[in-house]
file final26.cif (mmCIF, C-alpha atoms (C1' of nucleotides))
data_target
#
loop_
_atom_site.label_atom_id
_atom_site.label_comp_id
_atom_site.auth_asym_id
_atom_site.auth_seq_id
_atom_site.Cartn_x
_atom_site.Cartn_y
_atom_site.Cartn_z
CA MET A 1 32.83 -42.46 -10.12
CA SER A 2 31.21 -39.51 -10.19
CA GLY A 3 31.74 -36.87 -7.78
CA SER A 4 31.75 -36.90 -4.07
CA ARG A 5 28.06 -36.74 -3.42
CA PRO A 6 27.10 -39.86 -1.51
CA PHE A 7 23.69 -40.13 -3.10
CA ALA A 8 23.78 -39.97 -6.83
CA ASN A 9 20.08 -39.53 -7.20
CA ALA A 10 17.14 -38.17 -5.34
CA LEU A 11 15.37 -41.49 -5.13
CA GLU A 12 18.17 -43.18 -3.27
CA LEU A 13 18.51 -40.19 -1.00
CA LEU A 14 14.85 -40.26 -0.01
CA ARG A 15 14.89 -44.02 0.51
CA GLY A 16 17.88 -43.66 2.75
CA ALA A 17 16.00 -41.12 4.81
CA GLY A 18 12.95 -43.35 5.08
CA LEU A 19 10.80 -40.90 3.15
CA ARG A 20 8.39 -41.93 0.44
CA PRO A 21 9.66 -40.76 -2.90
CA THR A 22 6.75 -38.62 -3.92
CA ARG A 23 6.82 -36.37 -6.95
CA GLN A 24 7.16 -33.29 -4.74
CA ARG A 25 9.94 -34.61 -2.58
CA LEU A 26 11.89 -35.89 -5.54
CA ALA A 27 11.66 -32.54 -7.27
CA LEU A 28 12.64 -30.58 -4.16
CA ALA A 29 15.53 -32.92 -3.47
CA ARG A 30 16.83 -32.39 -7.01
CA LEU A 31 16.50 -28.64 -6.76
CA LEU A 32 18.34 -28.66 -3.47
CA PHE A 33 21.10 -31.16 -4.05
CA ASP A 34 21.84 -31.18 -7.76
CA LYS A 35 23.70 -27.90 -7.88
CA GLY A 36 26.28 -28.01 -5.13
CA ASP A 37 26.02 -26.17 -1.85
CA ARG A 38 23.06 -23.86 -1.54
CA HIS A 39 21.39 -21.54 0.95
CA VAL A 40 17.71 -21.11 0.22
CA THR A 41 14.62 -19.84 1.89
CA ALA A 42 11.34 -21.74 1.73
CA GLU A 43 9.86 -19.07 -0.54
CA GLN A 44 12.80 -19.26 -2.91
CA LEU A 45 12.64 -23.01 -3.21
CA HIS A 46 8.91 -22.89 -3.73
CA GLY A 47 9.44 -20.32 -6.47
CA GLU A 48 11.98 -22.55 -8.17
CA ALA A 49 9.69 -25.54 -8.01
CA VAL A 50 6.80 -23.60 -9.46
CA ALA A 51 9.08 -22.24 -12.18
CA ALA A 52 10.04 -25.83 -12.98
CA THR A 53 6.31 -26.62 -13.27
CA VAL A 54 6.37 -28.94 -10.31
CA PRO A 55 3.02 -28.67 -8.59
CA VAL A 56 3.86 -28.15 -4.95
CA SER A 57 2.38 -26.02 -2.20
CA LEU A 58 4.35 -23.84 0.15
CA ALA A 59 3.17 -25.97 3.07
CA THR A 60 4.73 -29.02 1.47
CA VAL A 61 7.97 -27.14 0.91
CA TYR A 62 8.08 -26.39 4.63
CA ASN A 63 7.18 -29.96 5.54
CA THR A 64 9.83 -31.34 3.26
CA LEU A 65 12.53 -28.97 4.45
CA HIS A 66 11.88 -30.00 8.02
CA GLN A 67 11.90 -33.67 7.15
CA PHE A 68 15.21 -33.20 5.38
CA ILE A 69 16.58 -31.46 8.44
CA GLY A 70 15.38 -34.34 10.59
CA ALA A 71 17.15 -36.75 8.26
CA GLY A 72 20.37 -34.76 8.48
CA LEU A 73 20.30 -33.79 4.81
CA LEU A 74 19.86 -30.11 5.52
CA ARG A 75 20.72 -27.57 8.17
CA GLU A 76 18.86 -24.49 9.27
CA VAL A 77 20.88 -21.29 9.57
CA VAL A 78 19.40 -18.54 11.69
CA VAL A 79 20.74 -15.10 10.90
CA ASN A 80 17.66 -12.97 10.77
CA PRO A 81 14.62 -12.92 12.93
CA GLY A 82 11.64 -13.80 10.83
CA ARG A 83 13.32 -15.70 8.02
CA SER A 84 15.00 -19.08 7.88
CA TYR A 85 17.73 -20.21 5.55
CA PHE A 86 18.24 -23.85 4.69
CA ASP A 87 21.76 -24.99 3.96
CA THR A 88 22.49 -28.05 1.86
CA ASN A 89 26.00 -28.25 3.26
CA VAL A 90 25.76 -30.25 6.45
CA SER A 91 29.47 -30.65 7.01
CA ASP A 92 31.24 -28.70 9.72
CA HIS A 93 31.44 -25.10 8.58
CA HIS A 94 30.38 -21.55 9.34
CA HIS A 95 29.04 -18.49 7.54
CA PHE A 96 29.59 -14.97 6.44
CA PHE A 97 26.30 -13.11 6.34
CA ILE A 98 26.10 -10.10 4.04
CA GLU A 99 23.46 -7.93 5.59
CA GLU A 100 22.60 -5.74 2.62
CA SER A 101 21.88 -8.58 0.26
CA GLY A 102 20.78 -11.21 2.76
CA LYS A 103 23.30 -13.64 1.28
CA LEU A 104 25.18 -16.36 3.10
CA VAL A 105 28.69 -17.45 2.15
CA ASP A 106 30.25 -20.63 3.47
CA ILE A 107 33.41 -20.65 5.52
CA PRO A 108 34.94 -24.12 5.40
CA GLY A 109 35.11 -25.73 8.82
CA GLY A 110 38.86 -26.14 8.69
CA ASP A 111 39.47 -22.47 8.05
CA ILE A 112 38.20 -21.26 11.36
CA ALA A 113 38.93 -22.37 14.87
CA VAL A 114 36.90 -21.74 17.98
CA ALA A 115 39.17 -22.20 20.96
CA ASN A 116 38.61 -22.27 24.70
CA VAL A 117 34.99 -23.16 24.49
CA PRO A 118 33.94 -23.16 28.14
CA GLU A 119 31.93 -25.86 29.86
CA PRO A 120 28.28 -25.70 28.92
CA PRO A 121 25.76 -24.93 31.66
CA ALA A 122 25.19 -27.77 34.10
CA GLY A 123 23.07 -30.56 32.73
CA THR A 124 23.56 -29.61 29.12
CA ALA A 125 25.73 -30.84 26.29
CA ILE A 126 26.92 -29.00 23.22
CA ARG A 127 24.93 -29.82 20.15
CA ARG A 128 26.44 -27.40 17.72
CA VAL A 129 28.62 -24.32 17.49
CA ASP A 130 27.46 -21.68 15.04
CA VAL A 131 29.74 -18.86 14.00
CA ILE A 132 28.12 -16.08 12.00
CA ILE A 133 30.40 -13.35 10.76
CA ARG A 134 28.24 -10.39 9.89
CA VAL A 135 29.75 -8.23 7.18
CA GLU A 136 28.65 -4.99 5.59
CA ARG A 137 29.46 -3.28 2.34
CA GLU A 138 32.84 -1.76 2.86
CA PRO A 139 32.74 1.96 3.47
CA VAL A 140 34.60 3.67 0.65
CA MET B 1 26.14 2.64 46.03
CA SER B 2 27.28 3.14 42.74
CA GLY B 3 28.50 0.02 41.14
CA SER B 4 30.27 -0.16 37.87
CA ARG B 5 27.48 0.86 35.59
CA PRO B 6 28.52 3.94 33.71
CA PHE B 7 25.08 5.48 33.94
CA ALA B 8 23.75 5.47 37.43
CA ASN B 9 20.29 6.39 36.39
CA ALA B 10 17.95 6.05 33.50
CA LEU B 11 17.60 9.78 32.98
CA GLU B 12 21.25 10.31 32.33
CA LEU B 13 21.35 7.29 30.07
CA LEU B 14 18.53 8.58 27.90
CA ARG B 15 20.00 12.06 27.75
CA GLY B 16 23.29 10.61 26.65
CA ALA B 17 21.51 8.80 23.85
CA GLY B 18 19.68 11.93 22.75
CA LEU B 19 16.31 10.45 23.61
CA ARG B 20 13.62 12.40 25.41
CA PRO B 21 13.14 10.96 28.86
CA THR B 22 9.50 9.99 28.63
CA ARG B 23 7.77 7.98 31.28
CA GLN B 24 7.80 4.88 29.07
CA ARG B 25 11.44 5.08 28.11
CA LEU B 26 12.50 5.73 31.68
CA ALA B 27 10.58 2.73 32.92
CA LEU B 28 11.87 0.43 30.19
CA ALA B 29 15.44 1.60 30.76
CA ARG B 30 15.14 0.81 34.44
CA LEU B 31 13.68 -2.61 33.80
CA LEU B 32 16.45 -3.37 31.35
CA PHE B 33 19.49 -1.94 33.05
CA ASP B 34 18.83 -2.02 36.77
CA LYS B 35 19.32 -5.73 37.27
CA GLY B 36 22.58 -6.61 35.62
CA ASP B 37 22.89 -8.37 32.29
CA ARG B 38 19.66 -9.55 30.79
CA HIS B 39 18.30 -11.24 27.70
CA VAL B 40 14.70 -10.35 27.07
CA THR B 41 12.17 -10.56 24.32
CA ALA B 42 9.88 -7.65 23.51
CA GLU B 43 6.89 -9.53 24.87
CA GLN B 44 8.67 -10.29 28.12
CA LEU B 45 9.68 -6.71 28.65
CA HIS B 46 6.20 -5.52 27.86
CA GLY B 47 4.83 -7.97 30.37
CA GLU B 48 7.20 -6.70 33.04
CA ALA B 49 6.24 -3.12 32.35
CA VAL B 50 2.56 -3.87 32.54
CA ALA B 51 3.11 -5.83 35.74
CA ALA B 52 4.88 -2.77 37.14
CA THR B 53 1.81 -0.74 36.18
CA VAL B 54 3.68 1.30 33.64
CA PRO B 55 1.26 2.12 30.85
CA VAL B 56 3.12 1.21 27.68
CA SER B 57 2.09 -0.39 24.42
CA LEU B 58 3.92 -3.21 22.72
CA ALA B 59 4.64 -0.91 19.78
CA THR B 60 6.45 1.47 22.08
CA VAL B 61 8.45 -1.39 23.54
CA TYR B 62 9.62 -2.30 20.05
CA ASN B 63 10.34 1.32 19.19
CA THR B 64 12.31 1.80 22.35
CA LEU B 65 14.29 -1.40 21.98
CA HIS B 66 15.34 -0.37 18.51
CA GLN B 67 16.27 3.11 19.63
CA PHE B 68 18.39 1.61 22.39
CA ILE B 69 20.09 -0.62 19.85
CA GLY B 70 20.77 2.42 17.69
CA ALA B 71 22.29 4.15 20.68
CA GLY B 72 24.51 1.17 21.41
CA LEU B 73 22.83 0.43 24.72
CA LEU B 74 21.45 -2.90 23.60
CA ARG B 75 22.29 -5.70 21.21
CA GLU B 76 20.03 -8.01 19.29
CA VAL B 77 20.79 -11.72 19.45
CA VAL B 78 19.34 -13.93 16.76
CA VAL B 79 19.04 -17.57 17.72
CA ASN B 80 15.58 -18.52 16.67
CA PRO B 81 13.63 -17.73 13.58
CA GLY B 82 10.64 -15.65 14.51
CA ARG B 83 11.78 -14.29 17.84
CA SER B 84 14.34 -11.68 18.81
CA TYR B 85 16.28 -11.45 22.02
CA PHE B 86 17.65 -8.19 23.30
CA ASP B 87 20.85 -8.30 25.29
CA THR B 88 21.76 -5.57 27.75
CA ASN B 89 25.39 -6.66 27.67
CA VAL B 90 26.99 -4.84 24.75
CA SER B 91 30.56 -5.78 25.53
CA ASP B 92 32.37 -8.37 23.46
CA HIS B 93 30.94 -11.75 24.34
CA HIS B 94 29.08 -14.76 23.00
CA HIS B 95 26.23 -17.08 24.02
CA PHE B 96 25.11 -20.50 24.99
CA PHE B 97 21.59 -21.11 23.80
CA ILE B 98 19.57 -23.72 25.67
CA GLU B 99 17.07 -24.92 23.14
CA GLU B 100 14.53 -26.51 25.46
CA SER B 101 14.03 -23.45 27.60
CA GLY B 102 14.86 -20.77 25.06
CA LYS B 103 17.37 -19.28 27.49
CA LEU B 104 20.58 -17.48 26.64
CA VAL B 105 23.66 -17.61 28.85
CA ASP B 106 26.59 -15.25 28.38
CA ILE B 107 30.06 -16.44 27.57
CA PRO B 108 32.53 -13.72 28.45
CA GLY B 109 34.42 -12.45 25.43
CA GLY B 110 37.79 -13.33 26.87
CA ASP B 111 36.87 -16.96 27.41
CA ILE B 112 36.48 -17.83 23.80
CA ALA B 113 38.73 -17.24 20.83
CA VAL B 114 37.84 -17.36 17.19
CA ALA B 115 41.03 -17.87 15.24
CA ASN B 116 41.89 -17.88 11.55
CA VAL B 117 38.94 -15.81 10.52
CA PRO B 118 39.30 -15.70 6.75
CA GLU B 119 39.07 -12.59 4.58
CA PRO B 120 35.50 -11.43 4.21
CA PRO B 121 33.99 -11.48 0.71
CA ALA B 122 35.33 -8.79 -1.61
CA GLY B 123 33.96 -5.35 -0.90
CA THR B 124 32.79 -6.17 2.60
CA ALA B 125 34.12 -5.56 6.07
CA ILE B 126 33.46 -7.49 9.26
CA ARG B 127 30.91 -5.83 11.46
CA ARG B 128 30.57 -8.46 14.13
CA VAL B 129 31.33 -12.07 14.92
CA ASP B 130 28.57 -14.00 16.63
CA VAL B 131 29.22 -17.34 18.23
CA ILE B 132 26.18 -19.29 19.36
CA ILE B 133 26.79 -22.56 21.14
CA ARG B 134 23.59 -24.53 21.00
CA VAL B 135 23.21 -26.90 23.89
CA GLU B 136 20.59 -29.46 24.78
CA ARG B 137 19.58 -31.14 27.99
CA GLU B 138 22.18 -33.75 28.59
CA PRO B 139 21.04 -37.25 27.73
CA VAL B 140 21.12 -39.28 30.96
"C1'" DC C 1 1.70 29.62 28.28
"C1'" DG C 2 1.78 28.30 23.06
"C1'" DG C 3 3.78 26.29 19.28
"C1'" DT C 4 6.45 22.77 17.53
"C1'" DC C 5 8.19 18.51 17.09
"C1'" DC C 6 8.79 14.22 19.07
"C1'" DT C 7 6.24 10.14 21.34
"C1'" DT C 8 2.87 7.11 22.23
"C1'" DT C 9 -1.07 4.55 21.12
"C1'" DA C 10 -4.69 1.18 19.47
"C1'" DG C 11 -5.50 -1.31 16.05
"C1'" DA C 12 -4.74 -2.63 11.42
"C1'" DA C 13 -1.45 -4.54 8.39
"C1'" DC C 14 2.15 -7.60 7.31
"C1'" DA C 15 5.29 -11.58 6.70
"C1'" DA C 16 6.81 -16.06 7.77
"C1'" DT C 17 5.35 -20.18 9.32
"C1'" DT C 18 2.20 -23.74 11.04
"C1'" DC C 19 -2.22 -25.91 11.33
"C1'" DT C 20 -6.53 -28.19 9.69
"C1'" DA C 21 -9.43 -31.17 7.50
"C1'" DA C 22 -10.22 -32.93 3.07
"C1'" DT C 23 -8.31 -35.14 -0.83
"C1'" DC C 24 -4.87 -37.80 -3.03
"C1'" DT C 25 -1.19 -41.37 -3.66
"C1'" DA C 26 2.49 -44.83 -2.65
"C1'" DT C 27 2.76 -49.13 -0.73
"C1'" DT C 28 1.35 -53.56 0.76
"C1'" DG C 29 -0.53 -57.89 0.59
"C1'" DA C 30 -4.35 -60.80 -1.07
"C1'" DT D 1 -4.09 -56.41 -10.31
"C1'" DC D 2 -6.70 -54.23 -6.91
"C1'" DA D 3 -8.41 -52.65 -2.56
"C1'" DA D 4 -7.19 -51.19 1.81
"C1'" DT D 5 -4.37 -48.37 4.50
"C1'" DA D 6 -1.11 -45.35 6.09
"C1'" DG D 7 1.21 -41.55 4.77
"C1'" DA D 8 1.53 -37.14 1.81
"C1'" DT D 9 -0.29 -33.03 -0.21
"C1'" DT D 10 -3.30 -29.24 -0.47
"C1'" DA D 11 -5.81 -24.66 -0.06
"C1'" DG D 12 -6.80 -21.76 2.91
"C1'" DA D 13 -7.32 -20.35 7.60
"C1'" DA D 14 -4.90 -19.50 11.77
"C1'" DT D 15 -1.03 -18.04 14.52
"C1'" DT D 16 2.93 -15.47 15.79
"C1'" DG D 17 6.09 -11.82 15.97
"C1'" DT D 18 6.82 -7.40 14.26
"C1'" DT D 19 5.90 -3.01 11.85
"C1'" DC D 20 2.88 0.58 10.19
"C1'" DT D 21 -0.66 4.27 10.44
"C1'" DA D 22 -3.04 8.13 11.76
"C1'" DA D 23 -4.54 10.43 15.64
"C1'" DA D 24 -3.90 12.04 20.34
"C1'" DG D 25 -0.58 13.18 23.92
"C1'" DG D 26 3.62 15.15 26.06
"C1'" DA D 27 8.33 17.43 26.29
"C1'" DC D 28 10.82 21.40 25.45
"C1'" DC D 29 11.96 26.01 23.73
"C1'" DG D 30 10.94 30.53 23.57
#

call {"tool": "encode", "arguments": {"input": "final26.cif", "output": "structure tokens"}}
result
Amino acid sequence: MSGSRPFANALELLRGAGLRPTRQRLALARLLFDKGDRHVTAEQLHGEAVAATVPVSLATVYNTLHQFIGAGLLREVVVNPGRSYFDTNVSDHHHFFIEESGKLVDIPGGDIAVANVPEPPAGTAIRRVDVIIRVEREPV
Amino acid sequence: MSGSRPFANALELLRGAGLRPTRQRLALARLLFDKGDRHVTAEQLHGEAVAATVPVSLATVYNTLHQFIGAGLLREVVVNPGRSYFDTNVSDHHHFFIEESGKLVDIPGGDIAVANVPEPPAGTAIRRVDVIIRVEREPV
DNA sequence: CGGTCCTTTAGAACAATTCTAATCTATTGA
DNA sequence: TCAATAGATTAGAATTGTTCTAAAGGACCG
């Protein structure tokens, strides 16, 4: 067997999500999921696709990212106003955010514990708990 | 009455922050700090100022908000790409975020505990831990 | 008061994202 | 296999939130 990834190939993954396996979606899926856990911006991913000579517009990159989110294949991480990160790791986990470089680093879900979460406001239910640990270059 | 606020009036607060007490800054400080803890966007605050017939431009609202953050009077909360919230509560606490309405609700710092925070990446130090609990309208 | 430096301003510029309407393509079923 | 159709992609415009710019205004010190 081959690794823990549930979908060995992009085609199967798209089928499972009910998305037509177009050339663009296949290429984006491979870029996203073939190299382990990643945090990318739309611009970055578009750049990678273009570099790989896959003809794809930025609009399609955004469309695809949102469809992948809808299908549960991707998660959006909000750390900065005015820029979204897309995380290929959809398991329970949190993040370090390194402000200087704009980089995200995973914290495995088991490593961290959020205790005494109070009752959510009346009429609402918890959808997700996000923990962002903002770090800065250590002062010498 | 005096209440618990350390700065009874906007003038003193600005002086303490080393900011010239201009008409705009005084008015914005009052709008922000005279009604208890608030979460506002720049647009909202600008709207309130205009409604109160304080002549102030949106650029000045942004400038002022950032100066207040620099002075530790305000905190920025990032929950949504493309929109910043400014929180007048700078004590240790976290937030519920109600997605449908875009509203933030404070969770007092003592109520919640983040345990087993792992070592930050090499060369970095923790600046802040943000916990955002995203909630949605409860399915009936 | 006058000079200096800080503030404010309108509007332009900018960056990320979404929208639009036209074109293209995967799929389906004859 | 092919045509019809529903869905996908596209370039470029539009939108949104925020920052910048250069000029005019205001606070403060002497």

call {"tool": "resolve_selection", "arguments": {"input": "final26.cif", "expression": "the PyMOL selection byres ((chain A) within 7 of (chain B))", "output": "ChimeraX atom specification"}}
result
/A:78-84,111-118,123-138

call {"tool": "interface_residues", "arguments": {"input": "final26.cif", "of": "chain B", "to": "chain D", "cutoff": "10 Å", "atoms": "only C-alpha atoms (C1' of nucleotides)", "output": "VMD selection string"}}
result
chain B and resid 20 to 23 42 to 43 58 to 59 62 to 63 81 to 84

call {"tool": "resolve_selection", "arguments": {"input": "final26.cif", "expression": "the PyMOL selection byres ((chain C) within 9 of (chain A))", "output": "mmCIF file with C-alpha atoms (C1' of nucleotides), in the coordinates of the input"}}
result
data_model
loop_
_atom_site.group_PDB
_atom_site.id
_atom_site.type_symbol
_atom_site.label_atom_id
_atom_site.label_comp_id
_atom_site.auth_asym_id
_atom_site.auth_seq_id
_atom_site.Cartn_x
_atom_site.Cartn_y
_atom_site.Cartn_z
ATOM 1 C "C1'" DA C 15 5.290 -11.580 6.700
ATOM 2 C "C1'" DA C 16 6.810 -16.060 7.770
ATOM 3 C "C1'" DT C 17 5.350 -20.180 9.320
ATOM 4 C "C1'" DT C 18 2.200 -23.740 11.040
ATOM 5 C "C1'" DT C 25 -1.190 -41.370 -3.660
ATOM 6 C "C1'" DA C 26 2.490 -44.830 -2.650
#

call {"tool": "resolve_selection", "arguments": {"input": "final26.cif", "expression": "the PyMOL selection byres ((chain B and resi 46-53) around 10)", "output": "list in words"}}
result
Gln24, Ala27, Leu28, Arg30, Leu31, Leu32, Val40, Thr41, Ala42, Glu43, Gln44, Leu45, Val54, Pro55, Val56, Ser57, Leu58, Ala59, Thr60, Val61 and Tyr62 of chain B

call {"tool": "atom_distance", "arguments": {"input": "final26.cif", "atom1": "atom C1' of C:DA21", "atom2": "atom CA of A:Gln67"}}
result
21.5 Å

call {"tool": "atom_distance", "arguments": {"input": "final26.cif", "atom1": "atom CA of A:His95", "atom2": "atom CA of A:Leu73"}}
result
17.8 Å

call {"tool": "atom_distance", "arguments": {"input": "final26.cif", "atom1": "atom CA of A:Leu14", "atom2": "atom CA of A:Leu65"}}
result
12.4 Å

call {"tool": "residues_around", "arguments": {"input": "final26.cif", "residues": "A:Leu19", "least_positions_apart": "4", "cutoff": "10 Å", "atoms": "all atoms listed in the file", "output": "MDAnalysis selection string"}}
result
(chainID A and resid 11 13:15 25 64 67:68 71) or (chainID D and resid 7)

call {"tool": "closest_residue", "arguments": {"input": "final26.cif", "among": "B:Gly109, B:Gly70, B:Val90, B:Arg75", "to": "B:Gly18", "atoms": "all atoms listed in the file"}}
result
B:Gly70

call {"tool": "closest_residue", "arguments": {"input": "final26.cif", "among": "A:Glu100, A:Asp87, A:Glu12, A:Asp92", "to": "A:Gly36", "atoms": "only C-alpha atoms"}}
result
A:Asp87
